[in-house]
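Structure file my_file_8.tsv; described as TSV, C-alpha atoms.
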```tsv
chain	number	residue	atom	x	y	z
A	1	MET	CA	-2.76	-11.33	11.46
A	2	HIS	CA	-0.46	-9.40	9.12
A	3	VAL	CA	0.82	-5.95	10.05
A	4	GLY	CA	2.48	-3.56	7.63
A	5	SER	CA	3.46	0.08	7.48
A	6	PHE	CA	1.52	2.71	5.54
A	7	VAL	CA	3.97	5.15	3.93
A	8	LEU	CA	2.61	8.49	2.73
A	9	ALA	CA	5.90	10.36	2.23
A	10	ALA	CA	4.17	13.19	4.07
A	11	GLN	CA	5.75	16.63	3.86
A	12	PHE	CA	5.53	18.25	7.29
A	13	PRO	CA	5.86	22.04	7.69
A	14	GLY	CA	9.44	23.18	7.18
A	15	GLN	CA	10.48	20.04	5.33
A	16	GLY	CA	11.50	19.66	1.70
A	17	HIS	CA	10.29	17.06	-0.76
A	18	GLY	CA	13.57	15.15	-0.63
A	19	GLU	CA	13.42	14.90	3.15
A	20	ALA	CA	9.90	13.48	3.02
A	21	LEU	CA	10.84	10.93	0.36
A	22	HIS	CA	14.02	9.89	2.19
A	23	ARG	CA	11.95	9.25	5.33
A	24	ALA	CA	9.56	7.17	3.22
A	25	VAL	CA	12.36	4.99	1.85
A	26	ARG	CA	13.91	4.52	5.27
A	27	ALA	CA	10.51	3.68	6.76
A	28	ALA	CA	10.14	0.88	4.23
A	29	GLU	CA	13.63	-0.47	4.84
A	30	VAL	CA	13.15	-0.41	8.62
A	31	SER	CA	9.76	-2.10	8.22
A	32	GLU	CA	11.50	-5.13	6.77
A	33	GLU	CA	14.26	-5.03	9.40
A	34	ALA	CA	11.64	-4.84	12.16
A	35	GLY	CA	9.81	-7.92	10.92
A	36	LEU	CA	6.68	-6.28	9.53
A	37	ASP	CA	4.80	-8.14	6.82
A	38	ALA	CA	4.24	-5.40	4.26
A	39	VAL	CA	4.83	-1.83	3.16
A	40	TRP	CA	1.94	0.09	1.60
A	41	LEU	CA	2.75	3.16	-0.51
A	42	ALA	CA	0.43	6.11	-1.07
A	43	GLU	CA	0.25	8.21	-4.24
A	44	HIS	CA	-0.63	11.91	-4.50
A	45	HIS	CA	-0.17	14.70	-7.02
A	46	PHE	CA	0.61	18.38	-6.48
A	47	VAL	CA	0.04	18.40	-2.69
A	48	PRO	CA	2.33	18.16	0.37
A	49	TYR	CA	-0.09	15.67	1.97
A	50	GLY	CA	2.04	13.07	0.19
A	51	THR	CA	5.04	13.69	-2.04
A	52	CYS	CA	5.11	10.35	-3.91
A	53	PRO	CA	3.49	10.85	-7.34
A	54	SER	CA	3.96	7.24	-8.49
A	55	ALA	CA	3.44	4.44	-6.01
A	56	VAL	CA	4.49	1.77	-8.52
A	57	THR	CA	7.79	3.55	-9.18
A	58	LEU	CA	8.59	3.77	-5.48
A	59	ALA	CA	7.48	0.15	-5.10
A	60	ALA	CA	10.02	-0.88	-7.73
A	61	LEU	CA	12.81	0.84	-5.81
A	62	LEU	CA	11.78	-0.74	-2.52
A	63	LEU	CA	11.31	-4.23	-3.94
A	64	GLY	CA	14.89	-3.96	-5.15
A	65	ARG	CA	16.13	-2.88	-1.73
A	66	THR	CA	14.26	-5.53	0.26
A	67	ARG	CA	14.17	-9.32	0.19
A	68	ARG	CA	11.21	-10.50	2.27
A	69	VAL	CA	8.58	-7.85	2.90
A	70	ARG	CA	5.60	-7.45	0.57
A	71	VAL	CA	5.23	-4.06	-1.11
A	72	GLY	CA	1.86	-2.70	-2.20
A	73	THR	CA	0.37	0.49	-3.57
A	74	ALA	CA	-2.26	2.19	-1.42
A	75	VAL	CA	-3.23	3.22	-3.88
A	76	SER	CA	-2.42	3.76	-7.53
A	77	VAL	CA	-5.07	6.20	-8.78
A	78	LEU	CA	-6.73	4.42	-11.69
A	79	PRO	CA	-8.67	7.26	-13.39
A	80	THR	CA	-5.41	9.11	-14.14
A	81	ALA	CA	-3.56	6.02	-15.40
A	82	HIS	CA	-4.06	3.77	-18.42
A	83	PRO	CA	-5.10	0.35	-17.07
A	84	VAL	CA	-2.89	-1.51	-19.53
A	85	ALA	CA	0.18	0.57	-18.69
A	86	LEU	CA	-0.45	0.06	-14.98
A	87	GLY	CA	-1.06	-3.65	-15.56
A	88	GLU	CA	2.24	-4.00	-17.42
A	89	GLN	CA	4.09	-2.36	-14.55
A	90	ALA	CA	2.32	-4.56	-12.00
A	91	ALA	CA	3.18	-7.69	-13.97
A	92	LEU	CA	6.81	-6.61	-14.20
A	93	LEU	CA	7.04	-6.05	-10.45
A	94	HIS	CA	5.23	-9.30	-9.71
A	95	LEU	CA	7.59	-11.36	-11.84
A	96	THR	CA	10.85	-9.71	-10.85
A	97	SER	CA	10.08	-9.68	-7.11
A	98	GLY	CA	9.05	-13.31	-6.82
A	99	GLY	CA	5.41	-12.41	-6.22
A	100	ARG	CA	5.95	-9.83	-3.46
A	101	PHE	CA	3.97	-7.03	-5.10
A	102	THR	CA	0.35	-6.07	-4.42
A	103	LEU	CA	-1.46	-3.60	-6.65
A	104	GLY	CA	-3.88	-1.46	-4.70
A	105	VAL	CA	-6.07	0.80	-6.86
A	106	GLY	CA	-8.63	3.47	-6.13
A	107	ARG	CA	-10.87	6.06	-7.74
A	108	GLY	CA	-9.09	9.00	-6.15
A	109	GLY	CA	-10.92	12.30	-5.91
A	110	PRO	CA	-12.32	15.04	-8.16
A	111	TRP	CA	-8.97	16.78	-8.12
A	112	VAL	CA	-7.15	18.90	-10.69
A	113	ASP	CA	-5.10	15.76	-11.46
A	114	LEU	CA	-7.91	14.80	-13.85
A	115	GLU	CA	-7.30	17.99	-15.82
A	116	VAL	CA	-3.53	17.77	-15.83
A	117	PHE	CA	-3.41	14.16	-17.03
A	118	GLY	CA	-6.23	14.65	-19.53
A	119	ALA	CA	-8.55	12.06	-18.00
A	120	GLY	CA	-11.46	14.42	-17.42
A	121	LEU	CA	-14.12	14.35	-14.73
A	122	GLY	CA	-15.94	11.48	-16.43
A	123	ALA	CA	-13.05	9.14	-15.70
A	124	TYR	CA	-13.61	9.80	-11.99
A	125	GLU	CA	-17.40	9.86	-11.97
A	126	HIS	CA	-18.20	7.01	-14.37
A	127	GLY	CA	-15.08	5.35	-15.73
A	128	PHE	CA	-13.69	3.45	-12.75
A	129	PRO	CA	-15.52	0.12	-13.34
A	130	GLU	CA	-14.38	-0.05	-16.98
A	131	SER	CA	-10.79	0.73	-16.01
A	132	LEU	CA	-10.79	-1.80	-13.18
A	133	ASP	CA	-12.18	-4.58	-15.36
A	134	LEU	CA	-9.63	-3.92	-18.10
A	135	LEU	CA	-6.82	-3.91	-15.55
A	136	VAL	CA	-7.90	-7.22	-14.00
A	137	ARG	CA	-8.28	-8.85	-17.40
A	138	TRP	CA	-4.77	-7.75	-18.31
A	139	LEU	CA	-3.40	-9.39	-15.19
A	140	ARG	CA	-5.32	-12.66	-15.67
A	141	GLU	CA	-5.58	-13.37	-19.42
A	142	PRO	CA	-2.98	-14.22	-22.12
A	143	SER	CA	-4.30	-11.60	-24.57
A	144	VAL	CA	-6.72	-8.69	-24.27
A	145	ALA	CA	-8.92	-6.55	-26.51
A	146	ALA	CA	-11.18	-3.68	-25.45
A	147	SER	CA	-14.37	-2.16	-26.82
A	148	GLY	CA	-15.53	0.06	-23.99
A	149	GLU	CA	-16.64	3.66	-23.71
A	150	ARG	CA	-13.19	4.91	-22.75
A	151	TYR	CA	-10.82	2.23	-24.06
A	152	SER	CA	-11.06	0.48	-27.40
A	153	PHE	CA	-8.26	-1.46	-29.11
A	154	ARG	CA	-7.60	-4.66	-31.06
A	155	GLU	CA	-6.48	-7.83	-29.31
A	156	VAL	CA	-2.87	-7.74	-28.17
A	157	PRO	CA	-0.76	-10.26	-26.25
A	158	VAL	CA	0.01	-9.67	-22.59
A	159	VAL	CA	3.79	-9.32	-22.23
A	160	PRO	CA	5.11	-10.06	-19.70
A	161	ARG	CA	2.35	-12.44	-18.65
A	162	PRO	CA	2.22	-12.47	-14.82
A	163	SER	CA	0.44	-15.81	-14.55
A	164	GLU	CA	3.51	-17.59	-15.94
A	165	ALA	CA	5.57	-16.63	-12.89
A	166	LEU	CA	7.46	-19.22	-10.90
A	167	THR	CA	5.45	-18.02	-7.90
A	168	GLN	CA	2.59	-20.41	-8.75
A	169	THR	CA	0.08	-17.55	-8.53
A	170	PRO	CA	-2.33	-16.29	-11.19
A	171	GLY	CA	-0.76	-12.83	-11.07
A	172	PRO	CA	-0.30	-9.95	-8.65
A	173	GLU	CA	-2.92	-9.46	-5.98
A	174	VAL	CA	-5.31	-6.57	-6.66
A	175	VAL	CA	-6.90	-4.64	-3.77
A	176	VAL	CA	-9.52	-1.91	-4.16
A	177	ALA	CA	-9.79	1.16	-1.93
A	178	CYS	CA	-13.43	1.41	-0.83
A	179	THR	CA	-15.08	4.46	0.73
A	180	SER	CA	-18.74	4.02	-0.26
A	181	PRO	CA	-21.34	1.25	-0.71
A	182	SER	CA	-20.96	1.49	-4.49
A	183	SER	CA	-17.21	0.84	-4.34
A	184	VAL	CA	-17.77	-2.01	-1.88
A	185	ARG	CA	-20.22	-3.62	-4.31
A	186	LEU	CA	-17.79	-3.09	-7.19
A	187	ALA	CA	-14.98	-4.89	-5.36
A	188	ALA	CA	-17.24	-7.65	-4.07
A	189	GLU	CA	-18.72	-8.51	-7.45
A	190	ARG	CA	-15.18	-9.01	-8.76
A	191	GLY	CA	-14.01	-10.90	-5.69
A	192	LEU	CA	-11.34	-8.31	-4.90
A	193	PRO	CA	-10.39	-7.51	-1.28
A	194	MET	CA	-10.89	-4.00	0.08
A	195	LEU	CA	-8.55	-1.40	1.51
A	196	LEU	CA	-10.49	0.61	4.11
A	197	GLY	CA	-9.36	4.08	5.16
A	198	MET	CA	-8.01	5.28	8.46
A	199	HIS	CA	-10.80	7.86	8.86
A	200	VAL	CA	-13.43	5.23	9.76
A	201	GLY	CA	-13.71	3.10	12.88
A	202	ASP	CA	-14.37	-0.55	13.61
A	203	GLU	CA	-18.18	-0.36	13.41
A	204	GLU	CA	-18.23	1.17	9.94
A	205	LYS	CA	-15.50	-1.16	8.71
A	206	ALA	CA	-17.44	-4.16	10.01
A	207	GLU	CA	-20.51	-2.94	8.12
A	208	MET	CA	-18.48	-2.59	4.92
A	209	VAL	CA	-17.07	-6.10	5.29
A	210	ALA	CA	-20.58	-7.46	5.86
A	211	LEU	CA	-21.86	-5.62	2.76
A	212	TRP	CA	-18.92	-6.96	0.73
A	213	ARG	CA	-19.79	-10.51	1.76
A	214	ARG	CA	-23.47	-10.11	0.87
A	215	CYS	CA	-22.65	-8.60	-2.52
A	216	ALA	CA	-19.99	-11.23	-3.26
A	217	ARG	CA	-22.45	-14.00	-2.43
A	218	ALA	CA	-25.13	-12.42	-4.62
A	219	ALA	CA	-22.62	-12.18	-7.48
A	220	GLY	CA	-21.97	-15.92	-7.29
A	221	ARG	CA	-18.62	-15.85	-5.51
A	222	THR	CA	-17.81	-19.10	-3.75
A	223	GLY	CA	-17.80	-19.52	0.00
A	224	GLU	CA	-14.06	-20.17	-0.15
A	225	GLU	CA	-13.46	-16.88	-1.98
A	226	ILE	CA	-15.60	-14.95	0.46
A	227	ALA	CA	-14.01	-16.48	3.56
A	228	GLY	CA	-10.50	-16.03	2.17
A	229	ALA	CA	-10.79	-12.37	1.19
A	230	ALA	CA	-7.92	-10.62	2.98
A	231	HIS	CA	-9.19	-7.08	3.46
A	232	VAL	CA	-6.81	-4.36	4.67
A	233	SER	CA	-7.46	-1.76	7.36
A	234	ALA	CA	-5.45	1.47	7.26
A	235	GLY	CA	-4.68	3.24	10.52
A	236	VAL	CA	-2.19	5.22	12.57
A	237	CYS	CA	0.30	3.77	15.02
A	238	GLN	CA	2.35	5.73	17.53
A	239	LEU	CA	4.02	3.96	20.44
A	240	ALA	CA	5.31	5.30	23.75
A	241	ASP	CA	5.67	4.11	27.32
A	242	ARG	CA	2.60	6.18	28.21
A	243	ARG	CA	-0.44	6.76	26.03
A	244	THR	CA	-0.43	10.47	26.80
A	245	ASP	CA	3.08	10.78	25.35
A	246	ALA	CA	2.09	9.01	22.14
A	247	VAL	CA	-0.96	11.23	21.71
A	248	GLU	CA	1.08	14.35	22.45
A	249	THR	CA	3.61	13.41	19.76
A	250	LEU	CA	0.89	13.21	17.12
A	251	LEU	CA	-0.99	16.31	18.29
A	252	LYS	CA	2.21	18.35	18.01
A	253	ALA	CA	3.03	17.26	14.47
A	254	MET	CA	0.05	15.96	12.52
A	255	PRO	CA	-2.31	18.99	12.55
A	256	GLY	CA	0.28	21.16	10.80
A	257	TRP	CA	0.84	18.52	8.13
A	258	LEU	CA	-2.88	17.88	7.71
A	259	LYS	CA	-3.69	21.59	7.42
A	260	GLN	CA	-1.19	22.37	4.69
A	261	GLY	CA	-1.73	19.02	2.97
A	262	LEU	CA	-5.52	19.05	2.83
A	263	GLU	CA	-5.77	22.75	1.99
A	264	ALA	CA	-3.63	22.19	-1.09
A	265	HIS	CA	-6.19	19.93	-2.81
A	266	VAL	CA	-7.86	21.72	-5.74
A	267	THR	CA	-11.03	20.36	-7.35
A	268	VAL	CA	-11.14	20.01	-11.12
A	269	ASP	CA	-14.57	21.65	-11.42
A	270	SER	CA	-14.38	24.25	-8.62
A	271	ARG	CA	-16.91	22.35	-6.50
A	272	GLU	CA	-16.96	23.32	-2.84
A	273	ARG	CA	-15.29	21.00	-0.41
A	274	ARG	CA	-15.26	20.84	3.38
A	275	MET	CA	-11.90	20.31	5.04
A	276	ARG	CA	-11.66	18.41	8.29
A	277	ASP	CA	-10.45	20.32	11.32
A	278	PRO	CA	-6.81	19.12	11.54
A	279	HIS	CA	-6.65	19.01	15.34
A	280	ALA	CA	-10.00	17.27	15.74
A	281	TYR	CA	-9.09	14.80	13.00
A	282	THR	CA	-5.81	13.96	14.74
A	283	GLU	CA	-7.69	13.38	18.00
A	284	LEU	CA	-10.13	11.11	16.13
A	285	LEU	CA	-7.27	9.06	14.70
A	286	CYS	CA	-5.68	8.72	18.14
A	287	GLY	CA	-8.95	7.34	19.45
A	288	LEU	CA	-9.54	4.90	16.61
A	289	HIS	CA	-6.12	3.35	16.22
A	290	PRO	CA	-3.17	1.82	18.11
A	291	VAL	CA	-1.78	4.98	19.69
A	292	GLY	CA	-0.27	4.40	23.13
A	293	THR	CA	1.68	1.66	24.86
A	294	PRO	CA	2.67	-1.53	23.02
A	295	ARG	CA	0.15	-3.47	25.12
A	296	LEU	CA	-2.63	-1.06	24.21
A	297	ALA	CA	-1.62	-1.19	20.55
A	298	ALA	CA	-1.72	-4.98	20.47
A	299	ASP	CA	-5.09	-5.03	22.19
A	300	ARG	CA	-6.49	-2.41	19.80
A	301	LEU	CA	-5.36	-4.31	16.71
A	302	ALA	CA	-6.69	-7.60	18.05
A	303	ALA	CA	-10.03	-5.98	18.91
A	304	THR	CA	-10.34	-4.42	15.45
A	305	SER	CA	-9.59	-7.76	13.81
A	306	GLU	CA	-12.19	-9.52	15.97
A	307	ARG	CA	-14.88	-6.88	15.38
A	308	THR	CA	-14.35	-6.51	11.63
A	309	GLY	CA	-12.92	-9.82	10.44
A	310	ILE	CA	-10.01	-7.91	8.87
A	311	SER	CA	-6.66	-9.67	9.09
A	312	ARG	CA	-4.28	-7.15	7.50
A	313	PHE	CA	-3.26	-3.71	8.71
A	314	ALA	CA	-1.44	-0.80	7.07
A	315	LEU	CA	-0.26	1.50	9.85
A	316	LEU	CA	1.01	5.05	9.39
A	317	ALA	CA	4.11	5.29	11.58
A	318	GLU	CA	5.49	8.64	10.39
A	319	GLY	CA	3.00	10.80	12.28
A	320	SER	CA	5.78	12.47	14.26
A	321	GLY	CA	7.26	13.87	11.06
A	322	ASP	CA	10.74	12.99	12.33
A	323	LEU	CA	12.96	10.37	10.70
A	324	ALA	CA	14.60	9.04	13.87
A	325	ALA	CA	11.26	8.92	15.71
A	326	THR	CA	9.65	7.11	12.76
A	327	GLU	CA	12.38	4.48	12.72
A	328	GLU	CA	12.08	3.96	16.49
A	329	ASN	CA	8.31	3.70	16.19
A	330	LEU	CA	8.59	0.98	13.55
A	331	ARG	CA	11.21	-0.96	15.50
A	332	ARG	CA	9.02	-0.91	18.61
A	333	LEU	CA	6.06	-2.04	16.53
A	334	GLY	CA	8.06	-5.03	15.36
A	335	ALA	CA	9.75	-5.86	18.66
A	336	GLU	CA	7.03	-5.08	21.21
A	337	VAL	CA	3.65	-5.34	19.44
A	338	LEU	CA	3.93	-8.08	16.82
A	339	PRO	CA	5.04	-10.79	19.31
A	340	GLN	CA	1.87	-10.16	21.33
A	341	LEU	CA	-0.25	-10.71	18.21
A	342	ARG	CA	1.47	-13.87	17.06
```

Represent the structure of the file as structure tokens.
Amino acid sequence: MHVGSFVLAAQFPGQGHGEALHRAVRAAEVSEEAGLDAVWLAEHHFVPYGTCPSAVTLAALLLGRTRRVRVGTAVSVLPTAHPVALGEQAALLHLTSGGRFTLGVGRGGPWVDLEVFGAGLGAYEHGFPESLDLLVRWLREPSVAASGERYSFREVPVVPRPSEALTQTPGPEVVVACTSPSSVRLAAERGLPMLLGMHVGDEEKAEMVALWRRCARAAGRTGEEIAGAAHVSAGVCQLADRRTDAVETLLKAMPGWLKQGLEAHVTVDSRERRMRDPHAYTELLCGLHPVGTPRLAADRLAATSERTGISRFALLAEGSGDLAATEENLRRLGAEVLPQLR
């Protein structure tokens, strides 16, 4: 089992952008010090839900500041990025970090980002498969040409070529954020592992893993590929000597962050959207994930792994909104939870 931190660079009420980003950087540094396996970085635009607009840029900083821990994006939003540009950055980070970088990509949402970056709604609604295939080709082949609906260009060499790394790997790992059966099928057909969100529980995640396996098998993926797919489960982790104290910490801080963060999302086409009740959503997360004593947290992670077959976790540890509390939470995760899992 591999446990990492999920870093959103969340801006809690009363905090500035710099404060949120400083907490994100420190959370990543402490994750390595605490013995965690990975750091997963979120990406958002124009909202205080997360203040990191470029997960690959922050990943570059953190790969330079760390020596052991893997660093991944969770996720880089593909419809608002050119797949070749993102592939070049991923290859660069893969080569210069000794293979410690994972590129997580997702479709994002129908947000105003599509307007600002000129992608248009079609890139979100129809263009994700084309972008994903071009990205994967760039990371696996020596030269690439494109003749698709959105991207068309003559053959060009891939420089730097990630498969020539001393790491003996074909290139950086690619993970796909999946929230629907269609995205599960998309990832499965390409043999790419999934990143599953923190808003769904074990039963739904187990169903998505089962669907992925069926679709991968139907697409001709080998049994070895299917068995070896290392899916990732996102969640929340808050530790305390009593479960009630851990829950209270999150209920005091997270609803305010969720309210201002989720309300700030603006759709590109003025479509109506329903926002979750922040308090009820926080309670849901406390019930789904390792929130409580270290023993409870270890049991919850082990149970999720057994029920779903998922072996990797990305855990949000900054739910208190406080830097010192976040660092303590991560250190306890490393010192008091990981030994029980290993």

Find the spatial neighbours of Glu204 in chain A, counting only C-alpha atoms, within a cut-off of 12 Å - ignore same-chain residues fewer than 3 positions away - and output them as JSON, numbers by chain. {"A": [178, 179, 180, 181, 196, 197, 198, 199, 200, 201, 207, 208, 209, 210, 211, 233, 288, 304, 307, 308]}

If you count only C-alpha atoms, the residue of A:Ala240, A:Ala146, A:His44, A:Cys52 closest to Arg23 in chain A turns out to be A:Cys52

Mind listing as a ChimeraX atom specification all residues within 9 Å of (-6.3, 19.1, 1.8), counting all atoms listed in the file? /A:47-49,258-266,275-276

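Coordinates place CA of Ala81 in chain A at a distance of 27.5 Å from CA of Glu318 in chain A.
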
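As for CA of Thr249 in chain A and CA of Ala59 in chain A, they are spaced 28.4 Å apart.
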
Ser320 in chain A environment, 8 Å, all atoms listed in the file, sequence neighbours closer than 4 positions dropped, as number ranges by chain: A: 249-250, 252-254, 325-326

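Distance-wise, CA of Trp40 in chain A and CA of Val144 in chain A end up 28.7 Å apart.
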
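Nearest residue to Leu330 in chain A, choosing from A:Ile226, A:Met194, A:Ala28, A:Ala123 and counting all atoms listed in the file: A:Ala28.
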